[in-house]
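K.L.:
So I've got this file, upload29.pdb, and it contains PDB, C-alpha atoms:
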```
ATOM      1  CA  GLN A   1      61.479  33.350  41.206
ATOM      2  CA  ALA A   2      59.822  30.926  38.913
ATOM      3  CA  GLY A   3      60.317  31.375  35.213
ATOM      4  CA  PRO A   4      57.537  31.837  32.725
ATOM      5  CA  GLU A   5      55.260  28.842  32.200
ATOM      6  CA  PRO A   6      56.044  26.873  29.098
ATOM      7  CA  ALA A   7      53.574  27.424  26.301
ATOM      8  CA  ARG A   8      51.035  24.658  26.065
ATOM      9  CA  LYS A   9      50.673  22.917  22.788
ATOM     10  CA  ARG A  10      47.323  23.319  21.230
ATOM     11  CA  PRO A  11      45.620  20.128  20.128
ATOM     12  CA  PRO A  12      45.733  19.687  16.380
ATOM     13  CA  ARG A  13      42.718  21.096  14.591
ATOM     14  CA  PRO A  14      40.573  18.327  13.128
ATOM     15  CA  THR A  15      40.754  18.186   9.377
ATOM     16  CA  ALA A  16      38.075  17.153   6.938
ATOM     17  CA  ARG A  17      40.113  14.074   6.006
ATOM     18  CA  GLY A  18      40.305  12.991   9.636
ATOM     19  CA  ALA A  19      36.583  13.501  10.112
ATOM     20  CA  ARG A  20      35.863  11.366   7.056
ATOM     21  CA  ARG A  21      38.244   8.686   8.329
ATOM     22  CA  ARG A  22      36.529   8.560  11.726
ATOM     23  CA  ALA A  23      33.106   8.513  10.065
ATOM     24  CA  GLY A  24      34.289   5.716   7.809
ATOM     25  CA  ARG A  25      35.390   3.626  10.763
ATOM     26  CA  GLY A  26      31.976   3.900  12.397
ATOM     27  CA  SER A  27      29.863   3.644   9.276
ATOM     28  CA  GLY A  28      29.973  -0.140   9.236
ATOM     29  CA  THR A  29      28.471  -0.518  12.709
ATOM     30  CA  PRO A  30      24.832   0.060  11.701
ATOM     31  CA  TRP A  31      25.179  -2.530   8.945
ATOM     32  CA  LEU A  32      26.296  -5.094  11.523
ATOM     33  CA  TYR A  33      23.065  -4.573  13.429
ATOM     34  CA  LEU A  34      21.041  -4.735  10.226
ATOM     35  CA  ALA A  35      22.819  -7.831   8.910
ATOM     36  CA  PRO A  36      20.432 -10.460  10.450
ATOM     37  CA  ALA A  37      17.352  -8.668   9.091
ATOM     38  CA  LEU A  38      19.009  -8.222   5.699
ATOM     39  CA  VAL A  39      19.790 -11.942   5.529
ATOM     40  CA  VAL A  40      16.152 -12.803   6.272
ATOM     41  CA  LEU A  41      14.865 -10.250   3.754
ATOM     42  CA  GLY A  42      17.311 -11.555   1.185
ATOM     43  CA  GLY A  43      15.916 -15.051   1.557
ATOM     44  CA  LEU A  44      12.277 -13.954   1.593
ATOM     45  CA  LEU A  45      12.402 -11.260  -1.091
ATOM     46  CA  ILE A  46      15.500 -11.301  -3.278
ATOM     47  CA  TYR A  47      15.471 -14.994  -4.156
ATOM     48  CA  PRO A  48      11.730 -15.105  -5.045
ATOM     49  CA  ILE A  49      12.126 -11.961  -7.169
ATOM     50  CA  TYR A  50      15.091 -13.592  -8.924
ATOM     51  CA  GLN A  51      13.032 -16.735  -9.623
ATOM     52  CA  LEU A  52      10.100 -14.617 -10.819
ATOM     53  CA  GLY A  53      12.312 -12.766 -13.280
ATOM     54  CA  LEU A  54      13.998 -15.977 -14.433
ATOM     55  CA  ILE A  55      10.728 -17.802 -15.153
ATOM     56  CA  SER A  56       9.425 -14.767 -17.070
ATOM     57  CA  PHE A  57      12.145 -15.404 -19.690
ATOM     58  CA  LEU A  58      11.387 -19.125 -20.050
ATOM     59  CA  GLU A  59       8.816 -21.257 -21.789
ATOM     60  CA  TYR A  60       7.377 -22.675 -18.598
ATOM     61  CA  THR A  61       4.013 -24.409 -18.904
ATOM     62  CA  GLN A  62       2.485 -27.526 -17.376
ATOM     63  CA  ALA A  63       4.533 -29.636 -19.796
ATOM     64  CA  GLN A  64       7.787 -28.263 -18.341
ATOM     65  CA  VAL A  65       6.522 -28.571 -14.762
ATOM     66  CA  SER A  66       5.643 -32.248 -15.227
ATOM     67  CA  GLY A  67       8.944 -32.956 -16.972
ATOM     68  CA  GLY A  68       7.365 -33.983 -20.272
ATOM     69  CA  LYS A  69       9.070 -31.192 -22.195
ATOM     70  CA  PRO A  70      12.407 -29.448 -21.642
ATOM     71  CA  THR A  71      12.481 -25.832 -20.492
ATOM     72  CA  SER A  72      13.691 -23.398 -23.143
ATOM     73  CA  PHE A  73      14.868 -19.802 -22.962
ATOM     74  CA  GLN A  74      12.440 -17.466 -24.752
ATOM     75  CA  GLY A  75      14.029 -14.079 -24.112
ATOM     76  CA  PHE A  76      11.411 -11.326 -24.160
ATOM     77  CA  ALA A  77       8.825 -13.445 -25.975
ATOM     78  CA  ASN A  78       6.518 -13.555 -22.922
ATOM     79  CA  TYR A  79       6.706  -9.795 -22.553
ATOM     80  CA  ALA A  80       6.066  -9.267 -26.267
ATOM     81  CA  GLU A  81       3.003 -11.502 -26.100
ATOM     82  CA  LEU A  82       1.823  -9.702 -23.000
ATOM     83  CA  PHE A  83       2.199  -6.210 -24.480
ATOM     84  CA  ARG A  84       0.374  -7.272 -27.656
ATOM     85  CA  ASP A  85      -2.634  -8.397 -25.629
ATOM     86  CA  PRO A  86      -5.229  -5.585 -25.415
ATOM     87  CA  GLU A  87      -6.724  -7.205 -22.316
ATOM     88  CA  PHE A  88      -3.451  -6.630 -20.452
ATOM     89  CA  TRP A  89      -3.604  -2.874 -21.080
ATOM     90  CA  SER A  90      -7.275  -2.739 -20.113
ATOM     91  CA  VAL A  91      -6.625  -4.625 -16.873
ATOM     92  CA  THR A  92      -3.592  -2.427 -16.120
ATOM     93  CA  LEU A  93      -5.635   0.762 -16.505
ATOM     94  CA  THR A  94      -8.395  -0.693 -14.340
ATOM     95  CA  THR A  95      -5.870  -1.670 -11.666
ATOM     96  CA  VAL A  96      -4.259   1.776 -11.571
ATOM     97  CA  VAL A  97      -7.599   3.617 -11.329
ATOM     98  CA  PHE A  98      -9.029   1.229  -8.743
ATOM     99  CA  ALA A  99      -5.867   1.355  -6.610
ATOM    100  CA  ALA A 100      -5.836   5.170  -6.741
ATOM    101  CA  VAL A 101      -9.467   5.356  -5.563
ATOM    102  CA  CYS A 102      -8.718   2.871  -2.761
ATOM    103  CA  VAL A 103      -5.642   4.814  -1.596
ATOM    104  CA  VAL A 104      -7.419   8.193  -1.577
ATOM    105  CA  SER A 105     -10.472   6.767   0.199
ATOM    106  CA  THR A 106      -8.387   4.942   2.798
ATOM    107  CA  LEU A 107      -6.286   8.027   3.564
ATOM    108  CA  ALA A 108      -9.373  10.250   3.790
ATOM    109  CA  VAL A 109     -11.221   7.922   6.184
ATOM    110  CA  GLY A 110      -8.117   7.133   8.260
ATOM    111  CA  CYS A 111      -7.051  10.780   8.656
ATOM    112  CA  ALA A 112     -10.605  11.934   9.468
ATOM    113  CA  LEU A 113     -10.987   9.310  12.183
ATOM    114  CA  ALA A 114      -7.499  10.094  13.554
ATOM    115  CA  VAL A 115      -8.557  13.725  14.022
ATOM    116  CA  LEU A 116     -11.827  12.511  15.573
ATOM    117  CA  LEU A 117      -9.877  10.442  18.101
ATOM    118  CA  THR A 118      -8.215  13.601  19.382
ATOM    119  CA  ARG A 119     -11.604  15.280  19.985
ATOM    120  CA  VAL A 120     -13.613  12.571  21.790
ATOM    121  CA  ARG A 121     -13.445  11.375  25.360
ATOM    122  CA  ALA A 122     -11.585   8.322  26.599
ATOM    123  CA  ILE A 123     -14.402   5.749  26.430
ATOM    124  CA  PRO A 124     -15.575   6.556  22.856
ATOM    125  CA  ARG A 125     -11.920   6.751  21.782
ATOM    126  CA  LEU A 126     -11.215   3.311  23.272
ATOM    127  CA  ALA A 127     -14.330   1.836  21.609
ATOM    128  CA  LEU A 128     -13.345   3.253  18.220
ATOM    129  CA  MET A 129      -9.776   1.995  18.578
ATOM    130  CA  LEU A 130     -10.919  -1.517  19.508
ATOM    131  CA  ALA A 131     -13.407  -1.629  16.629
ATOM    132  CA  ALA A 132     -10.772  -0.433  14.167
ATOM    133  CA  LEU A 133      -8.160  -2.894  15.404
ATOM    134  CA  GLY A 134     -10.732  -5.685  15.115
ATOM    135  CA  ALA A 135     -11.290  -4.788  11.463
ATOM    136  CA  TRP A 136      -7.531  -4.582  10.913
ATOM    137  CA  ALA A 137      -6.927  -8.012  12.460
ATOM    138  CA  THR A 138      -9.654  -9.751  10.452
ATOM    139  CA  PRO A 139      -8.193 -11.999   7.714
ATOM    140  CA  ALA A 140      -8.947 -10.847   4.183
ATOM    141  CA  VAL A 141     -10.867 -14.017   3.299
ATOM    142  CA  THR A 142     -13.049 -13.732   6.406
ATOM    143  CA  GLY A 143     -13.717 -10.037   5.890
ATOM    144  CA  SER A 144     -14.591 -10.536   2.231
ATOM    145  CA  THR A 145     -17.023 -13.337   3.098
ATOM    146  CA  VAL A 146     -18.725 -11.221   5.768
ATOM    147  CA  TRP A 147     -19.138  -8.292   3.370
ATOM    148  CA  LEU A 148     -20.579 -10.621   0.739
ATOM    149  CA  PHE A 149     -23.184 -11.751   3.257
ATOM    150  CA  LEU A 150     -24.022  -8.168   4.260
ATOM    151  CA  PHE A 151     -24.713  -7.239   0.622
ATOM    152  CA  ASP A 152     -26.300 -10.535  -0.398
ATOM    153  CA  PRO A 153     -29.451  -9.890  -2.496
ATOM    154  CA  ASP A 154     -31.448 -12.645  -0.735
ATOM    155  CA  TYR A 155     -30.323 -12.662   2.901
ATOM    156  CA  GLY A 156     -28.134  -9.583   3.349
ATOM    157  CA  PRO A 157     -29.381  -6.790   5.659
ATOM    158  CA  VAL A 158     -28.015  -3.901   3.546
ATOM    159  CA  ASP A 159     -30.498  -4.287   0.674
ATOM    160  CA  ARG A 160     -33.367  -4.638   3.130
ATOM    161  CA  VAL A 161     -32.382  -1.492   5.028
ATOM    162  CA  LEU A 162     -31.982   0.500   1.801
ATOM    163  CA  ALA A 163     -35.395  -0.670   0.571
ATOM    164  CA  TRP A 164     -36.921   0.107   3.987
ATOM    165  CA  VAL A 165     -35.748   3.738   3.865
ATOM    166  CA  GLY A 166     -37.378   4.198   0.456
ATOM    167  CA  LEU A 167     -34.696   3.175  -2.047
ATOM    168  CA  SER A 168     -36.809   0.551  -3.786
ATOM    169  CA  GLY A 169     -34.237   0.084  -6.544
ATOM    170  CA  PHE A 170     -32.024  -1.789  -4.096
ATOM    171  CA  GLN A 171     -34.642  -4.422  -3.310
ATOM    172  CA  ASP A 172     -32.887  -7.760  -4.047
ATOM    173  CA  TYR A 173     -30.101  -5.824  -5.795
ATOM    174  CA  SER A 174     -27.061  -7.932  -6.800
ATOM    175  CA  TRP A 175     -23.970  -5.876  -6.019
ATOM    176  CA  THR A 176     -21.573  -8.361  -7.575
ATOM    177  CA  TYR A 177     -23.327  -8.573 -10.946
ATOM    178  CA  GLY A 178     -22.553  -5.099 -12.277
ATOM    179  CA  ARG A 179     -18.978  -4.057 -12.912
ATOM    180  CA  TYR A 180     -18.991  -0.767 -11.006
ATOM    181  CA  SER A 181     -21.165  -1.980  -8.138
ATOM    182  CA  ALA A 182     -18.829  -4.954  -7.654
ATOM    183  CA  PHE A 183     -15.806  -2.653  -7.602
ATOM    184  CA  ALA A 184     -17.643  -0.392  -5.140
ATOM    185  CA  LEU A 185     -18.331  -3.368  -2.859
ATOM    186  CA  VAL A 186     -14.667  -4.404  -2.954
ATOM    187  CA  LEU A 187     -13.677  -0.775  -2.314
ATOM    188  CA  PHE A 188     -15.811  -0.678   0.833
ATOM    189  CA  GLU A 189     -14.169  -3.836   2.158
ATOM    190  CA  ILE A 190     -10.631  -2.661   1.366
ATOM    191  CA  VAL A 191     -11.169   0.697   3.064
ATOM    192  CA  TRP A 192     -12.760  -1.060   6.053
ATOM    193  CA  CYS A 193      -9.757  -3.321   6.604
ATOM    194  CA  SER A 194      -7.088  -0.724   5.675
ATOM    195  CA  PHE A 195      -8.099   2.515   7.394
ATOM    196  CA  PRO A 196      -7.074   1.350  10.931
ATOM    197  CA  PHE A 197      -3.383   1.383   9.946
ATOM    198  CA  VAL A 198      -3.700   4.954   8.678
ATOM    199  CA  MET A 199      -5.819   6.032  11.646
ATOM    200  CA  VAL A 200      -3.489   4.665  14.329
ATOM    201  CA  THR A 201      -0.331   5.935  12.611
ATOM    202  CA  VAL A 202      -1.679   9.437  11.965
ATOM    203  CA  TYR A 203      -3.188   9.610  15.468
ATOM    204  CA  ALA A 204       0.230   8.860  16.979
ATOM    205  CA  GLY A 205       1.724  11.623  14.835
ATOM    206  CA  ILE A 206      -0.963  14.110  15.907
ATOM    207  CA  LYS A 207      -0.317  13.373  19.578
ATOM    208  CA  ALA A 208       3.346  14.242  18.995
ATOM    209  CA  ILE A 209       2.442  17.750  17.754
ATOM    210  CA  PRO A 210       2.846  20.337  20.548
ATOM    211  CA  ALA A 211      -0.569  21.206  21.963
ATOM    212  CA  GLU A 212       0.411  24.877  22.177
ATOM    213  CA  VAL A 213       0.585  25.115  18.385
ATOM    214  CA  LEU A 214      -2.945  23.770  17.929
ATOM    215  CA  GLU A 215      -4.329  25.893  20.758
ATOM    216  CA  ALA A 216      -2.792  29.033  19.284
ATOM    217  CA  ALA A 217      -4.358  28.287  15.897
ATOM    218  CA  ALA A 218      -7.761  27.685  17.508
ATOM    219  CA  LEU A 219      -7.513  30.955  19.469
ATOM    220  CA  ASP A 220      -6.751  32.780  16.220
ATOM    221  CA  GLY A 221     -10.060  31.534  14.847
ATOM    222  CA  ALA A 222      -8.791  28.838  12.485
ATOM    223  CA  SER A 223     -11.362  26.207  11.565
ATOM    224  CA  ALA A 224     -10.753  22.479  12.023
ATOM    225  CA  TRP A 225     -10.159  22.039   8.275
ATOM    226  CA  ARG A 226      -7.723  24.977   8.186
ATOM    227  CA  ILE A 227      -5.819  23.631  11.216
ATOM    228  CA  TRP A 228      -5.484  20.272   9.484
ATOM    229  CA  ARG A 229      -4.481  21.743   6.133
ATOM    230  CA  ARG A 230      -2.080  24.427   7.346
ATOM    231  CA  ILE A 231      -0.609  22.933  10.529
ATOM    232  CA  MET A 232      -1.209  19.214  10.991
ATOM    233  CA  ALA A 233      -0.695  17.984   7.415
ATOM    234  CA  PRO A 234       2.690  19.738   6.907
ATOM    235  CA  MET A 235       3.960  18.496  10.266
ATOM    236  CA  LEU A 236       2.655  14.976   9.577
ATOM    237  CA  ARG A 237       4.023  14.804   6.030
ATOM    238  CA  PRO A 238       6.770  12.217   6.807
ATOM    239  CA  ILE A 239       4.130   9.964   8.393
ATOM    240  CA  LEU A 240       1.725  10.540   5.506
ATOM    241  CA  VAL A 241       4.516   9.532   3.103
ATOM    242  CA  VAL A 242       4.849   6.160   4.861
ATOM    243  CA  VAL A 243       1.120   5.394   4.987
ATOM    244  CA  THR A 244       0.640   6.526   1.377
ATOM    245  CA  ILE A 245       3.404   4.296   0.031
ATOM    246  CA  GLN A 246       2.151   1.354   2.092
ATOM    247  CA  SER A 247      -1.403   1.915   0.837
ATOM    248  CA  ILE A 248      -0.226   2.115  -2.783
ATOM    249  CA  ILE A 249       1.630  -1.193  -2.446
ATOM    250  CA  TRP A 250      -1.239  -2.973  -0.688
ATOM    251  CA  ASP A 251      -4.030  -1.682  -2.938
ATOM    252  CA  PHE A 252      -2.156  -2.112  -6.210
ATOM    253  CA  LYS A 253      -1.527  -5.795  -5.548
ATOM    254  CA  VAL A 254      -4.962  -6.582  -4.116
ATOM    255  CA  PHE A 255      -5.976 -10.166  -4.816
ATOM    256  CA  THR A 256      -8.031 -11.838  -2.091
ATOM    257  CA  GLN A 257     -10.903  -9.360  -1.993
ATOM    258  CA  ILE A 258     -11.357  -9.336  -5.776
ATOM    259  CA  TYR A 259     -11.015 -13.093  -6.092
ATOM    260  CA  VAL A 260     -13.423 -13.934  -3.255
ATOM    261  CA  MET A 261     -16.032 -11.223  -3.716
ATOM    262  CA  THR A 262     -16.304 -11.334  -7.537
ATOM    263  CA  GLY A 263     -15.802 -15.072  -7.984
ATOM    264  CA  GLY A 264     -12.352 -14.852  -9.573
ATOM    265  CA  GLY A 265     -12.703 -11.609 -11.519
ATOM    266  CA  GLY A 266     -16.405 -11.056 -12.110
ATOM    267  CA  THR A 267     -18.669 -11.918 -15.030
ATOM    268  CA  ALA A 268     -16.570 -12.287 -18.209
ATOM    269  CA  GLY A 269     -13.553 -10.901 -16.347
ATOM    270  CA  GLN A 270     -15.096  -7.447 -15.897
ATOM    271  CA  ASN A 271     -13.502  -7.020 -12.459
ATOM    272  CA  LEU A 272     -10.023  -8.272 -13.231
ATOM    273  CA  VAL A 273      -6.991  -6.572 -11.697
ATOM    274  CA  LEU A 274      -3.368  -7.405 -12.457
ATOM    275  CA  ASN A 275      -2.851  -9.798  -9.563
ATOM    276  CA  VAL A 276      -5.957 -11.842 -10.424
ATOM    277  CA  TYR A 277      -5.052 -11.650 -14.113
ATOM    278  CA  ALA A 278      -1.589 -13.034 -13.361
ATOM    279  CA  TYR A 279      -3.129 -15.834 -11.279
ATOM    280  CA  GLN A 280      -5.452 -16.809 -14.111
ATOM    281  CA  GLU A 281      -2.649 -16.849 -16.679
ATOM    282  CA  ALA A 282      -0.235 -18.760 -14.441
ATOM    283  CA  PHE A 283      -2.468 -21.319 -12.739
ATOM    284  CA  ALA A 284      -5.745 -21.481 -14.664
ATOM    285  CA  SER A 285      -4.036 -21.460 -18.085
ATOM    286  CA  SER A 286      -0.746 -23.044 -16.900
ATOM    287  CA  GLU A 287       1.225 -20.233 -18.577
ATOM    288  CA  TYR A 288       3.667 -19.741 -15.718
ATOM    289  CA  GLY A 289       6.125 -17.741 -17.803
ATOM    290  CA  LEU A 290       3.417 -15.294 -18.851
ATOM    291  CA  GLY A 291       2.121 -15.009 -15.301
ATOM    292  CA  SER A 292       5.644 -14.305 -14.060
ATOM    293  CA  ALA A 293       6.026 -11.584 -16.692
ATOM    294  CA  ILE A 294       2.880  -9.911 -15.331
ATOM    295  CA  GLY A 295       4.372 -10.112 -11.837
ATOM    296  CA  VAL A 296       7.592  -8.446 -13.014
ATOM    297  CA  VAL A 297       5.614  -5.662 -14.692
ATOM    298  CA  MET A 298       3.673  -5.090 -11.481
ATOM    299  CA  LEU A 299       6.911  -4.893  -9.504
ATOM    300  CA  LEU A 300       8.373  -2.335 -11.913
ATOM    301  CA  ILE A 301       5.202  -0.218 -11.813
ATOM    302  CA  LEU A 302       5.237  -0.155  -8.010
ATOM    303  CA  LEU A 303       8.925   0.782  -7.932
ATOM    304  CA  ALA A 304       8.368   3.552 -10.468
ATOM    305  CA  VAL A 305       5.378   5.006  -8.597
ATOM    306  CA  THR A 306       7.230   4.913  -5.262
ATOM    307  CA  LEU A 307      10.389   6.521  -6.670
ATOM    308  CA  VAL A 308       8.436   9.264  -8.449
ATOM    309  CA  TYR A 309       6.485  10.006  -5.273
ATOM    310  CA  LEU A 310       9.647  10.209  -3.176
ATOM    311  CA  ARG A 311      11.359  12.377  -5.787
ATOM    312  CA  LEU A 312       8.486  14.852  -5.780
ATOM    313  CA  LEU A 313       8.728  15.096  -2.014
ATOM    314  CA  ARG A 314      12.464  15.620  -2.143
ATOM    315  CA  ARG A 315      11.941  18.485  -4.580
ATOM    316  CA  GLN A 316       9.631  20.076  -2.043
ATOM    317  CA  GLY A 317      12.437  19.984   0.505
ATOM    318  CA  GLU A 318      11.094  17.161   2.653
ATOM    319  CA  GLU A 319      13.514  15.140   4.771
ATOM    320  CA  LEU A 320      12.831  11.431   4.212
TER
END
```
Using structure tokens, write down the structure that the file contains.

P.N.:
Amino acid sequence: QAGPEPARKRPPRPTARGARRRAGRGSGTPWLYLAPALVVLGGLLIYPIYQLGLISFLEYTQAQVSGGKPTSFQGFANYAELFRDPEFWSVTLTTVVFAAVCVVSTLAVGCALAVLLTRVRAIPRLALMLAALGAWATPAVTGSTVWLFLFDPDYGPVDRVLAWVGLSGFQDYSWTYGRYSAFALVLFEIVWCSFPFVMVTVYAGIKAIPAEVLEAAALDGASAWRIWRRIMAPMLRPILVVVTIQSIIWDFKVFTQIYVMTGGGGTAGQNLVLNVYAYQEAFASSEYGLGSAIGVVMLLILLAVTLVYLRLLRRQGEEL
């Protein structure tokens, strides 16, 4: 008769220290895959930012560029001169307000058209997608030139159509002469070339939402606006975070549209934004140190806005 079976040894229970050790061994693997991209980004971003910050602390004018005068360290003198300039604060306020209007308008148009794409048939949806992608792929200089022609007071069709429908005040109206009309014209162009990114991204997120959820809300009598506000927007919040941050970065540092459509900042600089202001100080006035200081301030503002926005979302319990 066989004896009792020997008791089997239970495998050791994993401890927290062992789990951390195993996690530590595998934590370096993702960085190995990211290493090539990080090297490229380091060369394209980190080094230029370092040079931008370095020049902002130097006396660096055309005399230093040509070698006729030695470069000298100025400390925070460029920043002090910049912060004492009332024009800098005026341009900064204008840039913030204009960028905010551009971001809100772009998100509103992009999200509305993304919802529209889910409600039209295949052929209209394809036509809208192709038209939007065409606007997205158009270079900024080309798009700005086309919009200038459309709103030209002598040959543009927009003024003629507005006058034809009874708005006689727009007969031969110069959109680029007035400050607010010039900003409005630039706003139209920026929204036109920026909304496709929002539309396509949000549309992809909407298609990932289970159809049963939307059908149940519609059967309960919820309106289209209520479905968007109560169901779609909360489920699309991670995607909306991405498109919002991208729009803030793009619209805050807008340069080409302002420079081309207002002739370098408008009459007497009435349409200046920070990027154009930095260009004028650095290249038109040959004050490269001062222009670099403006660039550093812009970078810090963008970082602050992005971090505050992400922090607010984290407080709301969003996973980013």

K.L.:
Applying 7 Å and all atoms listed in the file, which residues near range 286-290 of chain A remain after dropping the ones on its own chain fewer than 3 positions away? List them as a ChimeraX atom specification.

P.N.:
/A:55-62,78,281-283,293-294

K.L.:
I need the output of the PyMOL selection byres ((chain A and resi 198-214) around 6) for this file as a list of chain:residue names; which residues are they?

P.N.:
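That selection, the PyMOL selection byres ((chain A and resi 198-214) around 6), comes back as A:Gly110, A:Cys111, A:Ala114, A:Phe195, A:Pro196, A:Phe197, A:Glu215, A:Ala216, A:Ala217.
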
K.L.:
Using all atoms listed in the file, which protein or nucleic acid residues come within 10 Å of range 303-318 of chain A? Drop anything in the same chain fewer than 6 positions from it, and give the result as a PyMOL selection string.

P.N.:
chain A and resi 234+237-238+241+244-246+248-249+297

K.L.:
How would the residues just picked look written out with C-alpha atoms as a CSV table (one decimal), in the frame of the given file?

P.N.:
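So selection18.csv came out as:
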```
chain,number,residue,atom,x,y,z
A,234,PRO,CA,2.7,19.7,6.9
A,237,ARG,CA,4.0,14.8,6.0
A,238,PRO,CA,6.8,12.2,6.8
A,241,VAL,CA,4.5,9.5,3.1
A,244,THR,CA,0.6,6.5,1.4
A,245,ILE,CA,3.4,4.3,0.0
A,246,GLN,CA,2.2,1.4,2.1
A,248,ILE,CA,-0.2,2.1,-2.8
A,249,ILE,CA,1.6,-1.2,-2.4
A,297,VAL,CA,5.6,-5.7,-14.7
```

K.L.:
Mind pulling up the distance from CA of Trp225 in chain A to CA of Ala112 in chain A?

P.N.:
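Interatomic distance here is 10.2 Å.
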
K.L.:
In terms of the shortest atom-to-atom distance over all atoms listed in the file, which of A:Trp89, A:Phe76, A:Phe252, A:Trp192 is closest to Ala135 in chain A?

P.N.:
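When distances to Ala135 in chain A are compared using all atoms listed in the file, the smallest one comes from A:Trp192.
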
K.L.:
When you look at Thr267 in chain A with a cut-off of 10 Å (counting all atoms listed in the file), what residues show up, excluding the ones that are within fewer than 2 positions of it in the same chain? I need them as an NGL selection string.

P.N.:
:A and (176-179 or 262-265 or 269-272)

K.L.:
Could you take the residues named above and write them with C-alpha atoms, as a PDB file, in the coordinates of the input?

P.N.:
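Resulting contents of selection-v2.pdb:
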```pdb
ATOM      1  CA  THR A 176     -21.573  -8.361  -7.575  1.00  0.00           C
ATOM      2  CA  TYR A 177     -23.327  -8.573 -10.946  1.00  0.00           C
ATOM      3  CA  GLY A 178     -22.553  -5.099 -12.277  1.00  0.00           C
ATOM      4  CA  ARG A 179     -18.978  -4.057 -12.912  1.00  0.00           C
ATOM      5  CA  THR A 262     -16.304 -11.334  -7.537  1.00  0.00           C
ATOM      6  CA  GLY A 263     -15.802 -15.072  -7.984  1.00  0.00           C
ATOM      7  CA  GLY A 264     -12.352 -14.852  -9.573  1.00  0.00           C
ATOM      8  CA  GLY A 265     -12.703 -11.609 -11.519  1.00  0.00           C
ATOM      9  CA  GLY A 269     -13.553 -10.901 -16.347  1.00  0.00           C
ATOM     10  CA  GLN A 270     -15.096  -7.447 -15.897  1.00  0.00           C
ATOM     11  CA  ASN A 271     -13.502  -7.020 -12.459  1.00  0.00           C
ATOM     12  CA  LEU A 272     -10.023  -8.272 -13.231  1.00  0.00           C
TER      13      LEU A 272
END
```

K.L.:
Ranking A:Leu93, A:Val260, A:Val191, A:Leu274 by minimum distance to Val141 in chain A and counting only C-alpha atoms, which one comes first?

P.N.:
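Of A:Leu93, A:Val260, A:Val191, A:Leu274, the one nearest Val141 in chain A is A:Val260, counting only C-alpha atoms.
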
K.L.:
Rounded to one decimal in Å, what is the spacing between CA of Gly143 in chain A and CA of Ser194 in chain A?

P.N.:
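Separation between CA of Gly143 in chain A and CA of Ser194 in chain A: 11.4 Å.
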
K.L.:
What does the distance from CA of Val103 in chain A to CA of Ile227 in chain A come to in Å, to one decimal?

P.N.:
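Between these atoms lies a distance of 22.8 Å.
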
K.L.:
Do you know which residues are at most 8 Å from Met261 in chain A counting all atoms listed in the file, after dropping those on the same chain fewer than 4 positions away, and could you put them as an MDAnalysis selection string?

P.N.:
chainID A and resid 144:145 148 176 182 186 257

K.L.:
Taking into account all atoms listed in the file, which residue in the set A:Trp250, A:Tyr180, A:Ala278, A:Leu299 is nearest to Val91 in chain A?

P.N.:
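Ranked by minimum distance to Val91 in chain A, first place goes to A:Ala278.
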
K.L.:
Rebuild N, CA, C and O atoms on range 107-114 of chain A, as a PDB file, keeping the file's coordinate frame?

P.N.:
```
ATOM      1  N   LEU A 107      -6.948   6.911   2.883  1.00  0.00           N
ATOM      2  CA  LEU A 107      -6.286   8.027   3.564  1.00  0.00           C
ATOM      3  C   LEU A 107      -7.306   9.017   4.110  1.00  0.00           C
ATOM      4  O   LEU A 107      -7.144   9.543   5.216  1.00  0.00           O
ATOM      5  N   ALA A 108      -8.364   9.293   3.336  1.00  0.00           N
ATOM      6  CA  ALA A 108      -9.373  10.250   3.790  1.00  0.00           C
ATOM      7  C   ALA A 108     -10.085   9.739   5.045  1.00  0.00           C
ATOM      8  O   ALA A 108     -10.230  10.474   6.033  1.00  0.00           O
ATOM      9  N   VAL A 109     -10.517   8.479   5.029  1.00  0.00           N
ATOM     10  CA  VAL A 109     -11.221   7.922   6.184  1.00  0.00           C
ATOM     11  C   VAL A 109     -10.281   7.802   7.380  1.00  0.00           C
ATOM     12  O   VAL A 109     -10.629   8.176   8.510  1.00  0.00           O
ATOM     13  N   GLY A 110      -9.059   7.301   7.161  1.00  0.00           N
ATOM     14  CA  GLY A 110      -8.117   7.133   8.260  1.00  0.00           C
ATOM     15  C   GLY A 110      -7.727   8.449   8.906  1.00  0.00           C
ATOM     16  O   GLY A 110      -7.697   8.560  10.144  1.00  0.00           O
ATOM     17  N   CYS A 111      -7.441   9.474   8.101  1.00  0.00           N
ATOM     18  CA  CYS A 111      -7.051  10.780   8.656  1.00  0.00           C
ATOM     19  C   CYS A 111      -8.221  11.442   9.376  1.00  0.00           C
ATOM     20  O   CYS A 111      -8.038  12.058  10.441  1.00  0.00           O
ATOM     21  N   ALA A 112      -9.435  11.333   8.816  1.00  0.00           N
ATOM     22  CA  ALA A 112     -10.605  11.934   9.468  1.00  0.00           C
ATOM     23  C   ALA A 112     -10.864  11.300  10.830  1.00  0.00           C
ATOM     24  O   ALA A 112     -11.129  11.995  11.819  1.00  0.00           O
ATOM     25  N   LEU A 113     -10.763   9.981  10.902  1.00  0.00           N
ATOM     26  CA  LEU A 113     -10.987   9.310  12.183  1.00  0.00           C
ATOM     27  C   LEU A 113      -9.839   9.565  13.159  1.00  0.00           C
ATOM     28  O   LEU A 113     -10.052   9.596  14.379  1.00  0.00           O
ATOM     29  N   ALA A 114      -8.621   9.756  12.665  1.00  0.00           N
ATOM     30  CA  ALA A 114      -7.499  10.094  13.554  1.00  0.00           C
ATOM     31  C   ALA A 114      -7.732  11.448  14.213  1.00  0.00           C
ATOM     32  O   ALA A 114      -7.475  11.624  15.411  1.00  0.00           O
TER      33      ALA A 114
END
```
